[in-house]
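One file, coords-v4.csv, carrying CSV, N, CA, C and O atoms:
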chain,number,residue,atom,x,y,z
A,166,MET,N,-31.6,57.0,35.1
A,166,MET,CA,-32.5,56.7,34.0
A,166,MET,C,-33.6,55.7,34.5
A,166,MET,O,-34.1,55.0,33.7
A,167,GLY,N,-33.7,55.6,35.8
A,167,GLY,CA,-34.7,54.6,36.3
A,167,GLY,C,-36.1,54.9,35.8
A,167,GLY,O,-36.5,56.0,35.6
A,168,GLY,N,-36.8,53.8,35.6
A,168,GLY,CA,-38.2,53.9,35.1
A,168,GLY,C,-38.4,54.0,33.6
A,168,GLY,O,-39.5,54.0,33.2
A,169,GLU,N,-37.3,54.1,32.9
A,169,GLU,CA,-37.4,54.1,31.4
A,169,GLU,C,-37.4,52.7,30.9
A,169,GLU,O,-36.7,51.8,31.4
A,170,TRP,N,-38.0,52.5,29.8
A,170,TRP,CA,-38.0,51.2,29.1
A,170,TRP,C,-36.6,51.0,28.5
A,170,TRP,O,-36.0,52.0,28.1
A,171,PRO,N,-36.2,49.8,28.4
A,171,PRO,CA,-34.9,49.5,27.8
A,171,PRO,C,-34.9,49.9,26.3
A,171,PRO,O,-35.9,49.7,25.7
A,172,LEU,N,-33.8,50.4,25.8
A,172,LEU,CA,-33.7,50.7,24.4
A,172,LEU,C,-33.3,49.4,23.6
A,172,LEU,O,-32.3,48.8,23.9
A,173,VAL,N,-34.1,49.1,22.7
A,173,VAL,CA,-33.9,47.9,21.9
A,173,VAL,C,-33.8,48.2,20.4
A,173,VAL,O,-34.4,49.2,20.0
A,174,GLY,N,-33.0,47.4,19.7
A,174,GLY,CA,-33.0,47.6,18.2
A,174,GLY,C,-32.1,48.8,17.8
A,174,GLY,O,-32.2,49.1,16.6
A,175,ARG,N,-31.4,49.4,18.6
A,175,ARG,CA,-30.5,50.5,18.2
A,175,ARG,C,-29.1,50.3,18.6
A,175,ARG,O,-28.3,51.2,18.8
A,176,THR,N,-28.7,49.0,18.6
A,176,THR,CA,-27.3,48.7,19.0
A,176,THR,C,-26.3,49.4,18.1
A,176,THR,O,-25.3,49.9,18.5
A,177,ALA,N,-26.5,49.3,16.8
A,177,ALA,CA,-25.5,49.9,15.8
A,177,ALA,C,-25.4,51.4,16.0
A,177,ALA,O,-24.3,52.0,16.1
A,178,GLU,N,-26.6,52.1,16.2
A,178,GLU,CA,-26.6,53.5,16.5
A,178,GLU,C,-25.8,53.9,17.8
A,178,GLU,O,-25.1,54.8,17.8
A,179,LEU,N,-26.1,53.1,18.8
A,179,LEU,CA,-25.4,53.3,20.1
A,179,LEU,C,-23.9,53.2,20.0
A,179,LEU,O,-23.1,53.9,20.6
A,180,HIS,N,-23.5,52.1,19.3
A,180,HIS,CA,-22.0,51.9,19.1
A,180,HIS,C,-21.4,53.1,18.3
A,180,HIS,O,-20.3,53.6,18.7
A,181,HIS,N,-22.1,53.6,17.3
A,181,HIS,CA,-21.6,54.7,16.5
A,181,HIS,C,-21.5,56.0,17.4
A,181,HIS,O,-20.5,56.7,17.4
A,182,LEU,N,-22.6,56.2,18.2
A,182,LEU,CA,-22.6,57.4,19.1
A,182,LEU,C,-21.5,57.2,20.1
A,182,LEU,O,-20.8,58.2,20.4
A,183,ARG,N,-21.3,56.1,20.7
A,183,ARG,CA,-20.3,55.9,21.7
A,183,ARG,C,-18.9,56.2,21.1
A,183,ARG,O,-18.1,56.9,21.7
A,184,ASP,N,-18.6,55.6,20.0
A,184,ASP,CA,-17.3,55.9,19.3
A,184,ASP,C,-17.1,57.4,19.0
A,184,ASP,O,-16.0,57.9,19.2
A,185,ALA,N,-18.2,58.0,18.6
A,185,ALA,CA,-18.1,59.5,18.3
A,185,ALA,C,-17.9,60.3,19.6
A,185,ALA,O,-17.1,61.2,19.6
A,186,LEU,N,-18.5,59.9,20.7
A,186,LEU,CA,-18.4,60.6,21.9
A,186,LEU,C,-17.1,60.4,22.6
A,186,LEU,O,-16.5,61.4,23.2
A,187,VAL,N,-16.5,59.3,22.6
A,187,VAL,CA,-15.3,59.0,23.4
A,187,VAL,C,-14.1,59.0,22.5
A,187,VAL,O,-13.0,59.0,23.0
A,188,GLY,N,-14.2,59.1,21.2
A,188,GLY,CA,-13.1,59.2,20.3
A,188,GLY,C,-12.5,60.6,20.3
A,188,GLY,O,-13.1,61.6,20.5
A,189,ALA,N,-11.2,60.6,20.0
A,189,ALA,CA,-10.5,61.9,20.0
A,189,ALA,C,-10.8,62.8,18.8
A,189,ALA,O,-10.5,64.0,18.9
A,190,SER,N,-11.4,62.2,17.8
A,190,SER,CA,-11.6,63.0,16.6
A,190,SER,C,-12.9,63.8,16.5
A,190,SER,O,-13.2,64.5,15.6
A,191,HIS,N,-13.7,63.6,17.6
A,191,HIS,CA,-15.0,64.3,17.6
A,191,HIS,C,-15.2,65.1,18.9
A,191,HIS,O,-14.6,64.8,19.9
A,192,HIS,N,-16.0,66.1,18.8
A,192,HIS,CA,-16.2,67.0,19.9
A,192,HIS,C,-17.7,67.1,20.3
A,192,HIS,O,-18.1,67.9,21.1
A,193,GLY,N,-18.5,66.3,19.7
A,193,GLY,CA,-19.9,66.3,20.0
A,193,GLY,C,-20.7,65.5,18.9
A,193,GLY,O,-20.1,65.1,17.9
A,194,VAL,N,-21.9,65.4,19.1
A,194,VAL,CA,-22.8,64.7,18.1
A,194,VAL,C,-24.1,65.4,18.0
A,194,VAL,O,-24.5,66.2,18.9
A,195,VAL,N,-24.7,65.3,16.8
A,195,VAL,CA,-26.0,65.8,16.6
A,195,VAL,C,-26.9,64.6,16.1
A,195,VAL,O,-26.5,63.8,15.3
A,196,VAL,N,-28.0,64.5,16.7
A,196,VAL,CA,-29.0,63.4,16.4
A,196,VAL,C,-30.1,64.1,15.6
A,196,VAL,O,-30.8,65.0,16.1
A,197,ALA,N,-30.3,63.7,14.3
A,197,ALA,CA,-31.3,64.4,13.5
A,197,ALA,C,-32.1,63.3,12.7
A,197,ALA,O,-31.6,62.2,12.5
A,198,GLY,N,-33.3,63.6,12.4
A,198,GLY,CA,-34.1,62.7,11.6
A,198,GLY,C,-35.6,63.2,11.7
A,198,GLY,O,-35.9,64.2,12.4
A,199,PRO,N,-36.4,62.5,11.0
A,199,PRO,CA,-37.8,62.9,11.0
A,199,PRO,C,-38.5,62.7,12.3
A,199,PRO,O,-38.0,61.9,13.2
A,200,ALA,N,-39.6,63.4,12.5
A,200,ALA,CA,-40.4,63.3,13.7
A,200,ALA,C,-40.8,61.8,14.0
A,200,ALA,O,-41.2,61.1,13.1
A,201,GLY,N,-40.7,61.4,15.2
A,201,GLY,CA,-41.2,60.1,15.6
A,201,GLY,C,-40.3,58.9,15.5
A,201,GLY,O,-40.7,57.8,15.7
A,202,VAL,N,-39.1,59.1,15.1
A,202,VAL,CA,-38.2,58.0,14.9
A,202,VAL,C,-37.4,57.6,16.1
A,202,VAL,O,-36.6,56.6,16.1
A,203,GLY,N,-37.5,58.4,17.2
A,203,GLY,CA,-36.8,58.0,18.4
A,203,GLY,C,-35.5,58.8,18.6
A,203,GLY,O,-34.6,58.4,19.4
A,204,LYS,N,-35.4,60.0,18.1
A,204,LYS,CA,-34.2,60.8,18.3
A,204,LYS,C,-34.0,61.2,19.7
A,204,LYS,O,-32.9,61.1,20.2
A,205,THR,N,-35.0,61.6,20.4
A,205,THR,CA,-34.9,62.0,21.8
A,205,THR,C,-34.5,60.8,22.7
A,205,THR,O,-33.5,60.9,23.5
A,206,ARG,N,-35.1,59.7,22.5
A,206,ARG,CA,-34.7,58.5,23.2
A,206,ARG,C,-33.2,58.1,23.0
A,206,ARG,O,-32.5,57.8,23.9
A,207,LEU,N,-32.8,58.2,21.7
A,207,LEU,CA,-31.4,57.8,21.4
A,207,LEU,C,-30.5,58.9,22.0
A,207,LEU,O,-29.4,58.5,22.5
A,208,ALA,N,-30.9,60.1,21.9
A,208,ALA,CA,-30.0,61.2,22.5
A,208,ALA,C,-29.9,61.0,24.0
A,208,ALA,O,-28.8,61.3,24.6
A,209,VAL,N,-30.9,60.6,24.7
A,209,VAL,CA,-30.9,60.4,26.1
A,209,VAL,C,-29.9,59.3,26.4
A,209,VAL,O,-29.1,59.3,27.4
A,210,GLU,N,-29.9,58.2,25.7
A,210,GLU,CA,-29.0,57.1,25.8
A,210,GLU,C,-27.6,57.6,25.6
A,210,GLU,O,-26.6,57.2,26.3
A,211,ALA,N,-27.4,58.4,24.5
A,211,ALA,CA,-26.0,58.9,24.2
A,211,ALA,C,-25.5,59.8,25.4
A,211,ALA,O,-24.3,59.7,25.7
A,212,LEU,N,-26.4,60.6,26.0
A,212,LEU,CA,-26.0,61.4,27.1
A,212,LEU,C,-25.6,60.5,28.3
A,212,LEU,O,-24.6,60.8,28.9
A,213,GLY,N,-26.3,59.4,28.5
A,213,GLY,CA,-25.9,58.5,29.5
A,213,GLY,C,-24.5,57.9,29.2
A,213,GLY,O,-23.7,57.7,30.1
A,214,LEU,N,-24.3,57.5,28.0
A,214,LEU,CA,-23.0,57.0,27.6
A,214,LEU,C,-21.9,58.0,27.9
A,214,LEU,O,-20.8,57.6,28.4
A,215,ALA,N,-22.1,59.2,27.5
A,215,ALA,CA,-21.1,60.3,27.7
A,215,ALA,C,-20.8,60.5,29.2
A,215,ALA,O,-19.7,60.6,29.6
A,216,GLU,N,-21.9,60.5,30.0
A,216,GLU,CA,-21.7,60.7,31.5
A,216,GLU,C,-20.9,59.5,32.1
A,216,GLU,O,-20.0,59.7,32.9
A,217,ARG,N,-21.2,58.3,31.7
A,217,ARG,CA,-20.5,57.1,32.2
A,217,ARG,C,-19.1,57.1,31.7
A,217,ARG,O,-18.2,56.6,32.4
A,218,ALA,N,-18.8,57.8,30.6
A,218,ALA,CA,-17.4,57.9,30.1
A,218,ALA,C,-16.6,59.0,30.8
A,218,ALA,O,-15.5,59.3,30.5
A,219,GLY,N,-17.3,59.7,31.7
A,219,GLY,CA,-16.7,60.8,32.4
A,219,GLY,C,-16.6,62.1,31.7
A,219,GLY,O,-15.9,63.1,32.1
A,220,LEU,N,-17.4,62.3,30.7
A,220,LEU,CA,-17.5,63.5,29.9
A,220,LEU,C,-18.4,64.5,30.5
A,220,LEU,O,-19.4,64.1,31.1
A,221,ALA,N,-18.1,65.8,30.4
A,221,ALA,CA,-19.1,66.8,30.8
A,221,ALA,C,-20.3,66.8,29.8
A,221,ALA,O,-20.1,66.7,28.6
A,222,THR,N,-21.4,66.8,30.4
A,222,THR,CA,-22.6,66.8,29.5
A,222,THR,C,-23.6,67.9,29.9
A,222,THR,O,-23.6,68.4,31.0
A,223,VAL,N,-24.5,68.2,29.0
A,223,VAL,CA,-25.6,69.1,29.2
A,223,VAL,C,-26.7,68.8,28.2
A,223,VAL,O,-26.3,68.4,27.1
A,224,ARG,N,-27.9,68.8,28.6
A,224,ARG,CA,-29.0,68.5,27.7
A,224,ARG,C,-29.7,69.8,27.3
A,224,ARG,O,-30.0,70.6,28.2
A,225,VAL,N,-29.8,70.1,26.0
A,225,VAL,CA,-30.5,71.2,25.5
A,225,VAL,C,-31.6,70.8,24.6
A,225,VAL,O,-31.5,69.7,24.0
A,226,THR,N,-32.6,71.6,24.5
A,226,THR,CA,-33.8,71.2,23.6
A,226,THR,C,-34.1,72.5,22.8
A,226,THR,O,-34.3,73.5,23.4
A,227,GLY,N,-34.2,72.3,21.5
A,227,GLY,CA,-34.7,73.4,20.7
A,227,GLY,C,-36.2,73.5,20.7
A,227,GLY,O,-36.9,72.5,20.7
A,228,THR,N,-36.7,74.7,20.9
A,228,THR,CA,-38.1,74.9,20.9
A,228,THR,C,-38.5,75.9,19.9
A,228,THR,O,-37.7,76.7,19.4
A,229,ARG,N,-39.8,75.9,19.5
A,229,ARG,CA,-40.3,76.8,18.6
A,229,ARG,C,-40.2,78.3,19.1
A,229,ARG,O,-39.8,79.2,18.4
A,230,SER,N,-40.4,78.4,20.4
A,230,SER,CA,-40.3,79.8,21.0
A,230,SER,C,-38.9,80.4,21.0
A,230,SER,O,-38.7,81.6,20.9
A,231,ALA,N,-37.9,79.5,21.0
A,231,ALA,CA,-36.5,80.0,21.0
A,231,ALA,C,-35.9,80.0,19.6
A,231,ALA,O,-34.7,80.4,19.4
A,232,SER,N,-36.7,79.6,18.6
A,232,SER,CA,-36.1,79.4,17.3
A,232,SER,C,-35.7,80.7,16.6
A,232,SER,O,-34.8,80.7,15.8
A,233,GLY,N,-36.2,81.8,17.1
A,233,GLY,CA,-35.9,83.1,16.5
A,233,GLY,C,-34.6,83.7,17.1
A,233,GLY,O,-34.1,84.7,16.6
A,234,LEU,N,-34.1,83.1,18.2
A,234,LEU,CA,-32.9,83.6,18.9
A,234,LEU,C,-31.7,82.9,18.3
A,234,LEU,O,-31.7,81.7,18.1
A,235,PRO,N,-30.6,83.6,18.0
A,235,PRO,CA,-29.4,82.9,17.6
A,235,PRO,C,-28.9,82.0,18.7
A,235,PRO,O,-28.9,82.4,19.9
A,236,PHE,N,-28.7,80.8,18.4
A,236,PHE,CA,-28.3,79.7,19.3
A,236,PHE,C,-29.3,79.6,20.5
A,236,PHE,O,-29.0,79.4,21.6
A,237,GLY,N,-30.6,79.7,20.1
A,237,GLY,CA,-31.7,79.7,21.1
A,237,GLY,C,-31.7,78.6,22.1
A,237,GLY,O,-31.8,78.8,23.3
A,238,ALA,N,-31.4,77.4,21.6
A,238,ALA,CA,-31.4,76.2,22.5
A,238,ALA,C,-30.2,76.3,23.4
A,238,ALA,O,-30.3,75.8,24.6
A,239,LEU,N,-29.2,76.9,23.0
A,239,LEU,CA,-27.9,77.0,23.8
A,239,LEU,C,-27.9,78.3,24.6
A,239,LEU,O,-26.9,78.4,25.4
A,240,ALA,N,-28.8,79.2,24.5
A,240,ALA,CA,-28.8,80.5,25.1
A,240,ALA,C,-28.5,80.4,26.6
A,240,ALA,O,-27.7,81.2,27.2
A,241,PRO,N,-29.2,79.4,27.4
A,241,PRO,CA,-28.9,79.4,28.8
A,241,PRO,C,-27.4,79.0,29.1
A,241,PRO,O,-27.0,79.3,30.3
A,242,LEU,N,-26.7,78.5,28.2
A,242,LEU,CA,-25.3,78.1,28.5
A,242,LEU,C,-24.3,79.1,28.1
A,242,LEU,O,-23.2,79.1,28.5
A,243,LEU,N,-24.7,80.1,27.3
A,243,LEU,CA,-23.8,81.2,26.8
A,243,LEU,C,-23.7,82.3,27.8
A,243,LEU,O,-24.7,82.6,28.5
A,244,PRO,N,-22.5,83.0,27.8
A,244,PRO,CA,-22.4,84.1,28.7
A,244,PRO,C,-23.3,85.3,28.2
A,244,PRO,O,-23.5,85.4,27.0
A,245,ALA,N,-23.7,86.1,29.2
A,245,ALA,CA,-24.4,87.3,28.8
A,245,ALA,C,-23.5,88.2,28.0
A,245,ALA,O,-22.3,88.2,28.1
A,246,ALA,N,-24.1,89.0,27.2
A,246,ALA,CA,-23.4,89.9,26.3
A,246,ALA,C,-22.5,90.8,27.2
A,246,ALA,O,-22.9,91.4,28.2
A,247,GLY,N,-21.2,90.9,26.8
A,247,GLY,CA,-20.2,91.7,27.5
A,247,GLY,C,-19.6,91.1,28.7
A,247,GLY,O,-18.8,91.7,29.4
A,248,HIS,N,-20.0,89.8,29.0
A,248,HIS,CA,-19.4,89.1,30.2
A,248,HIS,C,-18.4,88.1,29.7
A,248,HIS,O,-18.7,87.3,28.9
A,249,GLY,N,-17.2,88.2,30.3
A,249,GLY,CA,-16.2,87.2,30.0
A,249,GLY,C,-15.4,87.3,28.7
A,249,GLY,O,-14.5,86.5,28.4
A,250,ASP,N,-15.8,88.3,27.9
A,250,ASP,CA,-15.0,88.5,26.7
A,250,ASP,C,-14.2,89.7,26.6
A,250,ASP,O,-13.7,90.1,25.5
A,251,GLY,N,-14.1,90.5,27.7
A,251,GLY,CA,-13.3,91.7,27.8
A,251,GLY,C,-13.9,92.9,27.2
A,251,GLY,O,-13.3,94.0,27.2
A,252,THR,N,-15.2,92.8,26.8
A,252,THR,CA,-15.9,93.9,26.3
A,252,THR,C,-17.0,94.3,27.3
A,252,THR,O,-17.4,93.6,28.2
A,253,THR,N,-17.6,95.5,27.1
A,253,THR,CA,-18.7,95.8,27.9
A,253,THR,C,-19.9,96.1,27.1
A,253,THR,O,-19.8,96.4,25.9
A,254,ALA,N,-21.1,95.9,27.6
A,254,ALA,CA,-22.3,96.0,26.8
A,254,ALA,C,-22.8,97.5,26.9
A,254,ALA,O,-22.5,98.2,27.7
Represent the structure from my file as structure tokens, please.
Amino acid sequence: MGGEWPLVGRTAELHHLRDALVGASHHGVVVAGPAGVGKTRLAVEALGLAERAGLATVRVTGTRSASGLPFGALAPLLPAAGHGDGTTA
């Protein structure tokens, strides 16, 4: 994350995200809120926390162009239809 400004004023949020990411009772997190509040920056920090904790990570971004697709933001991570599930397309 070289070249990025340090994240300040979000200590409580980072602690909450860290606890959710490395705790046994959670399997992921969603960062949501209005435009311009710093969701992306907070999510990037959370991704770094997860990576440093040794967790598998992937970054996905929802876009308007993929919004009509089921699981559009996750589509690149999902198997193609008929692959890996014992069925054929």
One decimal, Å: what's the distance from atom CA of Ala221 of chain A over to atom CA of Ala246 of chain A, could you say?
23.9 Å
Point-to-point distance from atom N of Thr176 of chain A to atom O of Val202 of chain A, Å rounded to tenths:
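Computed distance, atom N of Thr176 of chain A to atom O of Val202 of chain A, equals 11.2 Å.
You will find atom C of Leu242 of chain A at 20.9 Å from atom O of Thr205 of chain A.
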Between A:Thr226, A:Ala245, A:Ala218, A:Leu234, which is the closest to Leu186 of chain A once you count only C-alpha atoms?
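Ranked by minimum distance to Leu186 of chain A, first place goes to A:Ala218.
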Which of segment 179-217 of chain A fall in helix (DSSP H, G or I), as number ranges by chain:
A: 179-187, 204-217
